[in-house]
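Enquirer: Quick one: the structure is below, questions incoming.
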Amino acid sequence: MKQAIQIGAGNIGRGFIGALLSQAGWHVTFADVVEPIIEALNRDHGYTVHILDKDPGEIAISGVDGVISTSPDFAKKVAECDLITTAVGPNVLPIIAKSIAGGIQARKAAGNTAPMNVVCCENGLRTTTRLKNEVLKHLSQEETAFLDEHIGFADCAVDRICPKPSFDNILDAAVERYCEWDVEAAAWKGEKPEIDGLTFADNLMAYLERKLFTLNSGHAICAYLGYLKGCKTIKDSIADGAIGAIVHAAISESGEGLIREFGFDPAVHHAYVEKIFARYQNPFLEDEVLRVGREPIRKLEAGDRLIKPLVTTASYGLPVDHLLFGAAAALRFDCPDDPQSVELQKKLRADGPAAALAAYSGLTAEDPLTGRILDIYRALAVI
C-alpha cells in the first residue's frame, strides 16, 4: 500500500487532500502539532467528510492515523513514505521545512532510493517550489544531490471550498462537492498514480492563475466588502445586490485578462466564471468572511489574488473598475483577532494608505492604479 503524509490535519487536510488519497487506497498519516487532533486520529482511525451542497452526502474515511510533526516519529515516516502533501498555509512552509529536511536525511541514511514526491496544496503560486527552497537550506551538498535524484517537488493548483463548521466529532470535515487538484506533471518523480480528483497538468501556470484570478480573487473581494457591510458569511455577502454585482464583474474582468494571457477559449472560460460565481452562492456553505479575509497582507502581495489579476488585466488595456475594489477593501479589513490585519491597520495609521499599499503590494504612488485604488478606499469609509 502506498504511504502518504498529509501535513496539516485541519479541514482542508482531512476533508480534501487526505480524503482523496485515502479513497484512492493510500494509507494516510496526518501530521500536525495539535495534539487533540492527532490523539483522536490514532484512537478512531477514521472520520466522516460531510458534503455540503445541493447534492449533499457523506464519505467515511478509515484506516488513517496521525503523528506530531515535530516529533522524531515524523522523520521516520518521511523516510518510508511515497508522498508528502501539505495544507498548512503558505506562511507555515518555512517552519515545517526543517522537519521535512530531517526526514529526507533519515531517508538517505536508510538507503531508501524509491521516488518520493512533495506537493504543497496551498492557496498561492508555486508554493511547492518555495518549500523546496526552504528545505534545501537545511541540507548538505550531498543530501541536496540525493533530493534532486529521488525526490520530486511538484507545484499544484487546488480548488475546493472547505468551510469550518462545528461537528460533535472533532475529526469530521465539511467540503463542497466541487473538487479540482492539478499537479505539475514534469516535476513528478516516478510513476504517476491514478487518484480520482487529481489531474497531471502540462501547463500548470494556466491552472494556477485561472483559480487565483477567479475563485480566490472573487472570494477575497466578497469577504472584504461583506465585512465592511457587517455580513458574517460569504453566502450573506454575495446575496447583497451591490456586492454580488461587484464580485461578478471583477471575476469577469480578470477572466478577460486570463483569456489574453493564456489563450483560453472565451466561451469555455466565461462558463467557468459562471460556475465559480454559482459556488459562492452555495446555501449549504456557511463560510465566514473573517476566515476568508484573514491575512490581508499576504493577499495584497504582488503575486497574490488581489494585485496580480488587477495588474495583469490592466496591462492589456482592459477594464479593471471592479477589480480595484479588492485591494481597496482589503486595506479596510480591521480585525483585531488577525495579526496581519493588526499590522496593516498600524501601518495605515502611521504612514497612510499610499505608503501601506506600496509596502505590501509594490504599487508605487506613481502607478495609475494606485490613485484609483485609494479613491475607492476613501469612498469605502462611508459604508
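A note on labels: chains of the C-alpha cells are A, B, ... as shown, every chain counts residues from 1, and ligands are counted from 1 in their shown order.
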Using only C-alpha atoms, determine which residues lie at most 12 Å from Glu274 (chain A), disregarding the query and same-chain residues fewer than 2 positions distant; provide the list as JSON, numbers by chain.
Expert: {"A": [214, 215, 218, 247, 248, 249, 251, 252, 255, 267, 268, 269, 270, 271, 272, 276, 277, 278, 279, 280, 281]}
Enquirer: Can you tell me, as a PDB file with N, CA and C atoms, in the first residue's frame, which residues in region 129-299 of chain A count as strand (DSSP E or B) by DSSP?
Expert:
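What follows is the written file states.pdb:
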```pdb
ATOM      1  N   ILE A 151      13.690  12.779  -5.202  1.00  0.00           N
ATOM      2  CA  ILE A 151      12.512  13.424  -4.610  1.00  0.00           C
ATOM      3  C   ILE A 151      11.985  14.514  -5.522  1.00  0.00           C
ATOM      4  N   GLY A 152      10.721  14.404  -5.889  1.00  0.00           N
ATOM      5  CA  GLY A 152      10.090  15.405  -6.726  1.00  0.00           C
ATOM      6  C   GLY A 152       9.357  16.437  -5.888  1.00  0.00           C
ATOM      7  N   PHE A 153       9.465  17.694  -6.283  1.00  0.00           N
ATOM      8  CA  PHE A 153       8.697  18.777  -5.657  1.00  0.00           C
ATOM      9  C   PHE A 153       7.800  19.356  -6.742  1.00  0.00           C
ATOM     10  N   CYS A 156       1.245  22.668  -7.599  1.00  0.00           N
ATOM     11  CA  CYS A 156      -0.108  22.258  -7.951  1.00  0.00           C
ATOM     12  C   CYS A 156      -1.078  23.418  -7.795  1.00  0.00           C
ATOM     13  N   ALA A 157      -2.262  23.219  -8.330  1.00  0.00           N
ATOM     14  CA  ALA A 157      -3.390  24.126  -8.115  1.00  0.00           C
ATOM     15  C   ALA A 157      -4.492  23.309  -7.454  1.00  0.00           C
ATOM     16  N   VAL A 158      -5.039  23.821  -6.370  1.00  0.00           N
ATOM     17  CA  VAL A 158      -6.127  23.126  -5.671  1.00  0.00           C
ATOM     18  C   VAL A 158      -7.348  24.031  -5.619  1.00  0.00           C
ATOM     19  N   ASP A 159      -8.505  23.421  -5.710  1.00  0.00           N
ATOM     20  CA  ASP A 159      -9.733  24.207  -5.710  1.00  0.00           C
ATOM     21  C   ASP A 159     -10.865  23.410  -5.083  1.00  0.00           C
ATOM     22  N   ALA A 173     -15.118  16.635   8.831  1.00  0.00           N
ATOM     23  CA  ALA A 173     -14.797  17.784   7.983  1.00  0.00           C
ATOM     24  C   ALA A 173     -15.945  18.053   7.027  1.00  0.00           C
ATOM     25  N   ALA A 174     -15.972  19.274   6.494  1.00  0.00           N
ATOM     26  CA  ALA A 174     -17.017  19.670   5.547  1.00  0.00           C
ATOM     27  C   ALA A 174     -16.385  20.225   4.283  1.00  0.00           C
ATOM     28  N   VAL A 175     -16.960  19.870   3.140  1.00  0.00           N
ATOM     29  CA  VAL A 175     -16.482  20.353   1.851  1.00  0.00           C
ATOM     30  C   VAL A 175     -17.672  20.554   0.914  1.00  0.00           C
ATOM     31  N   GLU A 180     -11.040  20.166  -7.520  1.00  0.00           N
ATOM     32  CA  GLU A 180     -10.038  20.204  -8.581  1.00  0.00           C
ATOM     33  C   GLU A 180      -8.650  20.204  -7.953  1.00  0.00           C
ATOM     34  N   TRP A 181      -7.797  19.298  -8.430  1.00  0.00           N
ATOM     35  CA  TRP A 181      -6.420  19.193  -7.934  1.00  0.00           C
ATOM     36  C   TRP A 181      -5.540  18.918  -9.146  1.00  0.00           C
ATOM     37  N   ASP A 182      -4.806  19.925  -9.586  1.00  0.00           N
ATOM     38  CA  ASP A 182      -3.969  19.834 -10.780  1.00  0.00           C
ATOM     39  C   ASP A 182      -2.503  19.893 -10.363  1.00  0.00           C
ATOM     40  N   VAL A 183      -1.744  18.852 -10.694  1.00  0.00           N
ATOM     41  CA  VAL A 183      -0.351  18.717 -10.267  1.00  0.00           C
ATOM     42  C   VAL A 183       0.570  18.788 -11.483  1.00  0.00           C
ATOM     43  N   GLU A 184       1.678  19.479 -11.318  1.00  0.00           N
ATOM     44  CA  GLU A 184       2.647  19.680 -12.396  1.00  0.00           C
ATOM     45  C   GLU A 184       3.282  18.350 -12.803  1.00  0.00           C
ATOM     46  N   LEU A 198      -7.432  14.011  -9.002  1.00  0.00           N
ATOM     47  CA  LEU A 198      -6.108  14.551  -9.309  1.00  0.00           C
ATOM     48  C   LEU A 198      -5.852  14.457 -10.814  1.00  0.00           C
ATOM     49  N   THR A 199      -5.398  15.571 -11.400  1.00  0.00           N
ATOM     50  CA  THR A 199      -5.030  15.618 -12.812  1.00  0.00           C
ATOM     51  C   THR A 199      -3.595  16.093 -12.925  1.00  0.00           C
ATOM     52  N   PHE A 200      -2.803  15.424 -13.743  1.00  0.00           N
ATOM     53  CA  PHE A 200      -1.444  15.879 -14.005  1.00  0.00           C
ATOM     54  C   PHE A 200      -1.469  16.847 -15.183  1.00  0.00           C
ATOM     55  N   ALA A 201      -0.952  18.061 -14.957  1.00  0.00           N
ATOM     56  CA  ALA A 201      -1.063  19.142 -15.935  1.00  0.00           C
ATOM     57  C   ALA A 201       0.278  19.457 -16.571  1.00  0.00           C
ATOM     58  N   THR A 233     -21.124  35.799   6.651  1.00  0.00           N
ATOM     59  CA  THR A 233     -20.706  34.688   5.797  1.00  0.00           C
ATOM     60  C   THR A 233     -20.593  35.140   4.338  1.00  0.00           C
ATOM     61  N   GLU A 288     -17.237  31.763   6.759  1.00  0.00           N
ATOM     62  CA  GLU A 288     -17.191  33.066   7.413  1.00  0.00           C
ATOM     63  C   GLU A 288     -16.283  34.043   6.675  1.00  0.00           C
TER      64      GLU A 288
END
```
Enquirer: Measuring between only C-alpha atoms, which one of A:Arg372, A:Arg210, A:His322, A:Arg14 shows the shortest distance to Val28 (chain A)?
Expert: A:Arg14
Enquirer: Which of region 114-225 of chain A counts as helix (DSSP H, G or I) under DSSP, as a PyMOL selection string please?
Expert: chain A and resi 127-136+141-150+204-225
Enquirer: Please determine, counting only C-alpha atoms, which residue among A:Leu374, A:Ala60, A:Ile12, A:Ile104 has the shortest atom-to-atom distance to Glu122 (chain A).
Expert: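 That would be A:Ile12, the residue with the smallest distance to Glu122 (chain A).
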Enquirer: Near Pro193 (chain A), counting only C-alpha atoms, which residues have an atom at most 12 Å away, once you skip same-chain residues fewer than 4 positions from it, shown as a ChimeraX atom specification?
Expert: /A:2,21,24-26,82-83,116-117,183,185,188-189,197-200
Enquirer: Generate the output file for the selected residues, N, CA, C and O atoms, as a tab-separated table (two decimals), in the first residue's frame.
Expert:
```tsv
chain	number	residue	atom	x	y	z
A	2	LYS	N	0.55	2.21	-0.86
A	2	LYS	CA	1.28	3.47	-0.91
A	2	LYS	C	1.06	4.25	0.38
A	2	LYS	O	-0.04	4.28	0.94
A	21	LEU	N	-6.77	10.91	-1.10
A	21	LEU	CA	-5.73	9.89	-1.06
A	21	LEU	C	-6.23	8.60	-0.41
A	21	LEU	O	-5.98	7.50	-0.90
A	24	ALA	N	-8.42	6.66	-2.62
A	24	ALA	CA	-7.68	6.02	-3.71
A	24	ALA	C	-6.87	4.82	-3.24
A	24	ALA	O	-6.13	4.22	-4.02
A	25	GLY	N	-6.99	4.46	-1.96
A	25	GLY	CA	-6.31	3.27	-1.45
A	25	GLY	C	-4.97	3.52	-0.79
A	25	GLY	O	-4.25	2.57	-0.48
A	26	TRP	N	-4.62	4.79	-0.58
A	26	TRP	CA	-3.36	5.11	0.11
A	26	TRP	C	-3.57	5.04	1.62
A	26	TRP	O	-4.66	5.34	2.13
A	82	ASP	N	5.79	7.60	0.37
A	82	ASP	CA	5.84	7.80	-1.07
A	82	ASP	C	5.43	9.22	-1.47
A	82	ASP	O	5.78	9.67	-2.56
A	83	LEU	N	4.70	9.88	-0.60
A	83	LEU	CA	4.15	11.20	-0.95
A	83	LEU	C	3.96	12.04	0.30
A	83	LEU	O	3.48	11.53	1.33
A	116	MET	N	10.03	9.70	-4.08
A	116	MET	CA	9.06	10.33	-3.19
A	116	MET	C	8.72	11.68	-3.78
A	116	MET	O	9.58	12.34	-4.40
A	117	ASN	N	7.49	12.10	-3.61
A	117	ASN	CA	7.07	13.40	-4.13
A	117	ASN	C	6.49	14.26	-3.02
A	117	ASN	O	5.91	13.74	-2.05
A	183	VAL	N	-1.74	18.85	-10.69
A	183	VAL	CA	-0.35	18.72	-10.27
A	183	VAL	C	0.57	18.79	-11.48
A	183	VAL	O	0.28	18.21	-12.54
A	185	ALA	N	3.01	17.93	-14.02
A	185	ALA	CA	3.46	16.61	-14.49
A	185	ALA	C	4.98	16.52	-14.57
A	185	ALA	O	5.57	15.51	-14.16
A	188	TRP	N	7.12	15.65	-11.36
A	188	TRP	CA	6.82	14.43	-10.60
A	188	TRP	C	7.91	13.39	-10.83
A	188	TRP	O	8.36	13.17	-11.94
A	189	LYS	N	8.33	12.73	-9.75
A	189	LYS	CA	9.32	11.66	-9.84
A	189	LYS	C	8.62	10.30	-9.83
A	189	LYS	O	7.73	10.05	-9.01
A	197	GLY	N	-9.86	12.77	-8.84
A	197	GLY	CA	-9.80	14.15	-8.40
A	197	GLY	C	-8.47	14.81	-8.68
A	197	GLY	O	-8.35	16.03	-8.59
A	198	LEU	N	-7.43	14.01	-9.00
A	198	LEU	CA	-6.11	14.55	-9.31
A	198	LEU	C	-5.85	14.46	-10.81
A	198	LEU	O	-6.03	13.40	-11.41
A	199	THR	N	-5.40	15.57	-11.40
A	199	THR	CA	-5.03	15.62	-12.81
A	199	THR	C	-3.60	16.09	-12.93
A	199	THR	O	-3.20	17.06	-12.26
A	200	PHE	N	-2.80	15.42	-13.74
A	200	PHE	CA	-1.44	15.88	-14.01
A	200	PHE	C	-1.47	16.85	-15.18
A	200	PHE	O	-1.97	16.51	-16.26
```
Enquirer: For Leu323 (chain A), please output as a short mmCIF file (atom, residue, chain, number, x, y, z; two decimals) with all heavy atoms, in the first residue's frame all residues within 12 Å (counting only C-alpha atoms; exclusion window: fewer than 6 positions along the same chain).
Expert:
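What follows is the written file around28.cif:
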```cif
data_model
loop_
_atom_site.label_atom_id
_atom_site.label_comp_id
_atom_site.auth_asym_id
_atom_site.auth_seq_id
_atom_site.Cartn_x
_atom_site.Cartn_y
_atom_site.Cartn_z
N PHE A 213 -7.07 34.09 -10.21
CA PHE A 213 -7.76 35.24 -10.78
C PHE A 213 -9.27 35.16 -10.62
O PHE A 213 -9.96 36.17 -10.74
CB PHE A 213 -7.45 35.35 -12.28
CG PHE A 213 -6.10 35.92 -12.62
CD1 PHE A 213 -4.99 35.65 -11.84
CD2 PHE A 213 -5.94 36.71 -13.73
CE1 PHE A 213 -3.74 36.17 -12.17
CE2 PHE A 213 -4.70 37.23 -14.08
CZ PHE A 213 -3.59 36.95 -13.30
N THR A 214 -9.79 33.95 -10.39
CA THR A 214 -11.23 33.77 -10.39
C THR A 214 -11.74 33.43 -8.99
O THR A 214 -12.23 34.30 -8.27
CB THR A 214 -11.64 32.69 -11.41
OG1 THR A 214 -10.93 32.89 -12.64
CG2 THR A 214 -13.14 32.77 -11.71
N SER A 217 -9.65 35.40 -6.08
CA SER A 217 -9.84 36.84 -6.18
C SER A 217 -11.26 37.24 -5.80
O SER A 217 -11.48 38.10 -4.93
CB SER A 217 -9.53 37.31 -7.61
OG SER A 217 -9.69 38.70 -7.72
N GLY A 218 -12.24 36.58 -6.41
CA GLY A 218 -13.64 36.90 -6.10
C GLY A 218 -14.00 36.60 -4.66
O GLY A 218 -14.75 37.35 -4.02
N HIS A 219 -13.47 35.49 -4.13
CA HIS A 219 -13.73 35.11 -2.74
C HIS A 219 -13.24 36.20 -1.79
O HIS A 219 -13.95 36.59 -0.84
CB HIS A 219 -12.98 33.80 -2.46
CG HIS A 219 -13.71 32.85 -1.58
ND1 HIS A 219 -13.10 31.75 -1.01
CD2 HIS A 219 -14.99 32.81 -1.15
CE1 HIS A 219 -13.97 31.09 -0.27
NE2 HIS A 219 -15.13 31.70 -0.34
N ALA A 220 -12.02 36.70 -2.03
CA ALA A 220 -11.46 37.72 -1.15
C ALA A 220 -12.23 39.03 -1.26
O ALA A 220 -12.53 39.68 -0.24
CB ALA A 220 -9.99 37.96 -1.51
N ILE A 221 -12.57 39.45 -2.48
CA ILE A 221 -13.34 40.69 -2.66
C ILE A 221 -14.68 40.58 -1.95
O ILE A 221 -15.12 41.51 -1.27
CB ILE A 221 -13.52 40.98 -4.16
CG1 ILE A 221 -12.17 41.28 -4.82
CG2 ILE A 221 -14.46 42.17 -4.37
CD1 ILE A 221 -12.22 41.34 -6.34
N CYS A 222 -15.32 39.43 -2.10
CA CYS A 222 -16.60 39.20 -1.43
C CYS A 222 -16.47 39.28 0.08
O CYS A 222 -17.30 39.88 0.76
CB CYS A 222 -17.13 37.82 -1.84
SG CYS A 222 -18.81 37.47 -1.28
N ALA A 245 -22.85 42.08 -7.46
CA ALA A 245 -22.59 42.67 -8.77
C ALA A 245 -21.11 43.00 -8.95
O ALA A 245 -20.54 42.79 -10.02
CB ALA A 245 -23.44 43.92 -8.95
N ILE A 246 -20.48 43.53 -7.90
CA ILE A 246 -19.06 43.87 -7.98
C ILE A 246 -18.22 42.61 -8.15
O ILE A 246 -17.30 42.56 -8.98
CB ILE A 246 -18.62 44.65 -6.72
CG1 ILE A 246 -19.25 46.05 -6.72
CG2 ILE A 246 -17.09 44.76 -6.66
CD1 ILE A 246 -19.05 46.80 -5.41
N VAL A 247 -18.52 41.57 -7.37
CA VAL A 247 -17.74 40.33 -7.44
C VAL A 247 -17.86 39.70 -8.82
O VAL A 247 -16.86 39.30 -9.43
CB VAL A 247 -18.19 39.34 -6.34
CG1 VAL A 247 -17.54 37.98 -6.56
CG2 VAL A 247 -17.85 39.87 -4.96
N HIS A 248 -19.08 39.62 -9.34
CA HIS A 248 -19.28 39.02 -10.66
C HIS A 248 -18.53 39.82 -11.72
O HIS A 248 -17.87 39.24 -12.60
CB HIS A 248 -20.77 38.94 -11.00
CG HIS A 248 -21.05 38.18 -12.26
ND1 HIS A 248 -21.02 38.77 -13.51
CD2 HIS A 248 -21.33 36.87 -12.47
CE1 HIS A 248 -21.28 37.86 -14.43
NE2 HIS A 248 -21.48 36.70 -13.84
N ALA A 249 -18.63 41.13 -11.65
CA ALA A 249 -17.94 41.97 -12.64
C ALA A 249 -16.42 41.84 -12.51
O ALA A 249 -15.70 41.83 -13.52
CB ALA A 249 -18.36 43.42 -12.47
N ALA A 250 -15.93 41.71 -11.27
CA ALA A 250 -14.48 41.62 -11.04
C ALA A 250 -13.91 40.34 -11.65
O ALA A 250 -12.88 40.37 -12.34
CB ALA A 250 -14.16 41.68 -9.55
N ILE A 251 -14.55 39.20 -11.40
CA ILE A 251 -14.01 37.95 -11.94
C ILE A 251 -14.24 37.86 -13.45
O ILE A 251 -13.53 37.12 -14.14
CB ILE A 251 -14.55 36.71 -11.20
CG1 ILE A 251 -16.06 36.58 -11.32
CG2 ILE A 251 -14.10 36.75 -9.75
CD1 ILE A 251 -16.60 35.30 -10.65
N SER A 252 -15.21 38.59 -13.95
CA SER A 252 -15.37 38.68 -15.40
C SER A 252 -14.24 39.50 -16.01
O SER A 252 -13.71 39.15 -17.07
CB SER A 252 -16.73 39.30 -15.75
OG SER A 252 -17.80 38.49 -15.29
N GLU A 253 -13.86 40.59 -15.34
CA GLU A 253 -12.74 41.41 -15.80
C GLU A 253 -11.44 40.61 -15.80
O GLU A 253 -10.68 40.61 -16.78
CB GLU A 253 -12.59 42.65 -14.93
CG GLU A 253 -13.70 43.68 -15.12
CD GLU A 253 -13.68 44.78 -14.06
OE1 GLU A 253 -12.86 44.70 -13.12
OE2 GLU A 253 -14.50 45.70 -14.17
N SER A 254 -11.17 39.92 -14.68
CA SER A 254 -9.94 39.14 -14.62
C SER A 254 -9.95 38.01 -15.63
O SER A 254 -8.91 37.60 -16.15
CB SER A 254 -9.72 38.58 -13.20
OG SER A 254 -10.72 37.63 -12.87
N GLY A 255 -11.14 37.52 -15.94
CA GLY A 255 -11.27 36.48 -16.95
C GLY A 255 -10.81 36.94 -18.32
O GLY A 255 -10.17 36.18 -19.06
N GLU A 256 -11.11 38.19 -18.66
CA GLU A 256 -10.65 38.71 -19.95
C GLU A 256 -9.12 38.81 -19.97
O GLU A 256 -8.49 38.57 -21.00
CB GLU A 256 -11.28 40.08 -20.21
CG GLU A 256 -12.81 40.06 -20.33
CD GLU A 256 -13.29 39.06 -21.37
OE1 GLU A 256 -12.75 39.05 -22.50
OE2 GLU A 256 -14.20 38.27 -21.05
N GLY A 257 -8.55 39.13 -18.82
CA GLY A 257 -7.08 39.14 -18.73
C GLY A 257 -6.50 37.75 -18.92
O GLY A 257 -5.48 37.57 -19.60
N ARG A 305 -3.85 37.16 -4.99
CA ARG A 305 -5.18 37.19 -5.60
C ARG A 305 -5.79 38.56 -5.85
O ARG A 305 -6.74 38.67 -6.63
CB ARG A 305 -6.13 36.37 -4.74
CG ARG A 305 -6.41 36.97 -3.36
CD ARG A 305 -6.74 35.90 -2.36
NE ARG A 305 -5.60 35.04 -2.14
CZ ARG A 305 -5.65 33.86 -1.53
NH1 ARG A 305 -6.79 33.41 -1.04
NH2 ARG A 305 -4.56 33.14 -1.37
N LEU A 306 -5.29 39.60 -5.21
CA LEU A 306 -5.88 40.93 -5.39
C LEU A 306 -5.10 41.78 -6.39
O LEU A 306 -5.70 42.48 -7.22
CB LEU A 306 -5.96 41.65 -4.05
CG LEU A 306 -6.81 40.95 -2.98
CD1 LEU A 306 -6.71 41.69 -1.65
CD2 LEU A 306 -8.27 40.86 -3.43
N ILE A 307 -3.79 41.72 -6.32
CA ILE A 307 -2.95 42.58 -7.15
C ILE A 307 -2.61 41.94 -8.50
O ILE A 307 -2.66 42.61 -9.54
CB ILE A 307 -1.66 42.96 -6.40
CG1 ILE A 307 -2.02 43.65 -5.07
CG2 ILE A 307 -0.79 43.87 -7.26
CD1 ILE A 307 -2.84 44.92 -5.20
N LYS A 308 -2.27 40.66 -8.51
CA LYS A 308 -1.85 40.01 -9.76
C LYS A 308 -2.95 40.06 -10.83
O LYS A 308 -2.68 40.43 -11.98
CB LYS A 308 -1.43 38.57 -9.48
CG LYS A 308 -0.84 37.84 -10.71
CD LYS A 308 0.53 38.35 -11.05
CE LYS A 308 1.13 37.66 -12.28
NZ LYS A 308 1.46 36.24 -12.04
N PRO A 309 -4.20 39.71 -10.50
CA PRO A 309 -5.25 39.80 -11.53
C PRO A 309 -5.46 41.24 -12.01
O PRO A 309 -5.68 41.48 -13.20
CB PRO A 309 -6.50 39.27 -10.81
CG PRO A 309 -5.99 38.46 -9.70
CD PRO A 309 -4.71 39.11 -9.26
N LEU A 310 -5.38 42.17 -11.07
CA LEU A 310 -5.57 43.58 -11.40
C LEU A 310 -4.49 44.08 -12.36
O LEU A 310 -4.78 44.68 -13.41
CB LEU A 310 -5.56 44.40 -10.11
CG LEU A 310 -5.55 45.93 -10.24
CD1 LEU A 310 -6.83 46.41 -10.91
CD2 LEU A 310 -5.39 46.57 -8.85
N VAL A 311 -3.24 43.84 -12.01
CA VAL A 311 -2.12 44.33 -12.81
C VAL A 311 -2.08 43.64 -14.18
O VAL A 311 -1.85 44.29 -15.21
CB VAL A 311 -0.79 44.14 -12.05
CG1 VAL A 311 0.40 44.43 -12.95
CG2 VAL A 311 -0.76 45.03 -10.81
N THR A 312 -2.30 42.33 -14.18
CA THR A 312 -2.26 41.60 -15.45
C THR A 312 -3.34 42.08 -16.39
O THR A 312 -3.09 42.34 -17.58
CB THR A 312 -2.42 40.09 -15.20
OG1 THR A 312 -1.35 39.62 -14.38
CG2 THR A 312 -2.43 39.32 -16.51
N THR A 313 -4.56 42.20 -15.88
CA THR A 313 -5.67 42.63 -16.73
C THR A 313 -5.46 44.05 -17.23
O THR A 313 -5.67 44.35 -18.41
CB THR A 313 -7.00 42.52 -15.95
OG1 THR A 313 -7.15 41.18 -15.47
CG2 THR A 313 -8.18 42.88 -16.84
N ALA A 314 -4.99 44.93 -16.34
CA ALA A 314 -4.73 46.32 -16.74
C ALA A 314 -3.62 46.41 -17.78
O ALA A 314 -3.63 47.30 -18.64
CB ALA A 314 -4.37 47.16 -15.51
N ALA A 329 -10.71 47.39 -0.48
CA ALA A 329 -11.45 46.83 0.65
C ALA A 329 -10.53 46.07 1.60
O ALA A 329 -10.76 46.06 2.82
CB ALA A 329 -12.56 45.91 0.14
N ALA A 330 -9.48 45.45 1.07
CA ALA A 330 -8.53 44.74 1.93
C ALA A 330 -7.85 45.71 2.90
O ALA A 330 -7.59 45.36 4.06
CB ALA A 330 -7.49 44.02 1.08
N LEU A 369 -2.77 52.83 -11.16
CA LEU A 369 -3.74 52.03 -10.40
C LEU A 369 -3.83 52.47 -8.95
O LEU A 369 -4.88 52.33 -8.31
CB LEU A 369 -3.36 50.55 -10.46
CG LEU A 369 -3.46 49.87 -11.83
CD1 LEU A 369 -2.86 48.47 -11.76
CD2 LEU A 369 -4.90 49.81 -12.30
N ARG A 372 -6.46 55.15 -8.24
CA ARG A 372 -7.82 54.61 -8.38
C ARG A 372 -8.19 53.73 -7.19
O ARG A 372 -9.33 53.76 -6.71
CB ARG A 372 -7.93 53.83 -9.69
CG ARG A 372 -7.68 54.70 -10.93
CD ARG A 372 -7.68 53.87 -12.20
NE ARG A 372 -9.01 53.34 -12.49
CZ ARG A 372 -9.28 52.48 -13.47
NH1 ARG A 372 -8.28 52.02 -14.22
NH2 ARG A 372 -10.51 52.06 -13.67
N ILE A 373 -7.22 52.96 -6.70
CA ILE A 373 -7.48 52.14 -5.51
C ILE A 373 -7.76 53.03 -4.30
O ILE A 373 -8.70 52.79 -3.53
CB ILE A 373 -6.28 51.21 -5.22
CG1 ILE A 373 -6.16 50.14 -6.30
CG2 ILE A 373 -6.40 50.57 -3.84
CD1 ILE A 373 -4.89 49.33 -6.23
N ILE A 376 -11.24 54.56 -4.15
CA ILE A 376 -12.25 53.62 -3.65
C ILE A 376 -12.06 53.39 -2.16
O ILE A 376 -13.05 53.30 -1.41
CB ILE A 376 -12.17 52.29 -4.43
CG1 ILE A 376 -12.52 52.53 -5.91
CG2 ILE A 376 -13.11 51.24 -3.83
CD1 ILE A 376 -12.32 51.31 -6.79
#
```
Enquirer: Find, counting only C-alpha atoms, the residue in A:Ala87, A:Ala223, A:Leu348, A:Ile68 that gets nearest to Cys121 (chain A).
Expert: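 So, comparing all the options, the nearest one is A:Ala87.
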Enquirer: Would you work out the distance separating CA of Gly244 (chain A) from CA of Phe264 (chain A), expressed in Å to one decimal?
Expert: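 CA of Phe264 (chain A) lies at a distance of 24.7 Å from CA of Gly244 (chain A).
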Enquirer: Which residue is closest to Gly13 (chain A)? Choose from A:Val135, A:Ile51, A:Leu171, A:Val92 and count only C-alpha atoms.
Expert: A:Leu171
Enquirer: Considering only C-alpha atoms, can you say which of A:Arg107, A:Arg160, A:His150, A:His27 comes closest to His45 (chain A)?
Expert: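 Closest to His45 (chain A), using only C-alpha atoms: A:His27.
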Enquirer: Just how far from CA of Cys81 (chain A) is CA of Gly111 (chain A), in Å to one decimal?
Expert: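 According to the coordinates, CA of Gly111 (chain A) and CA of Cys81 (chain A) are separated by 13.1 Å.
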Enquirer: Which one is closest to Leu225 (chain A): A:Lys98, A:Arg332, A:Lys275, A:Lys299? Count only C-alpha atoms.
Expert: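 Smallest distance to Leu225 (chain A) is found for A:Arg332.
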Enquirer: Find the residues around Val342 (chain A) up to 12 Å (only C-alpha atoms counted), leave out those fewer than 4 positions away in its own chain, and share them as a list in words.
Expert: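 Result of the neighbour search: Arg294, Glu295, Pro296, Ile297, Leu331, Arg332, Phe333, Asp334, Cys335, Pro336, Asp337, Asp338, Lys346, Lys347, Leu348 and Arg349 of chain A.
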Enquirer: If we count only C-alpha atoms, what is near Ser71 (chain A) at a cut-off of 10 Å, once residues fewer than 2 positions away on the same chain are taken out, given as a ChimeraX atom specification?
Expert: /A:31-33,67-69,73-76,99
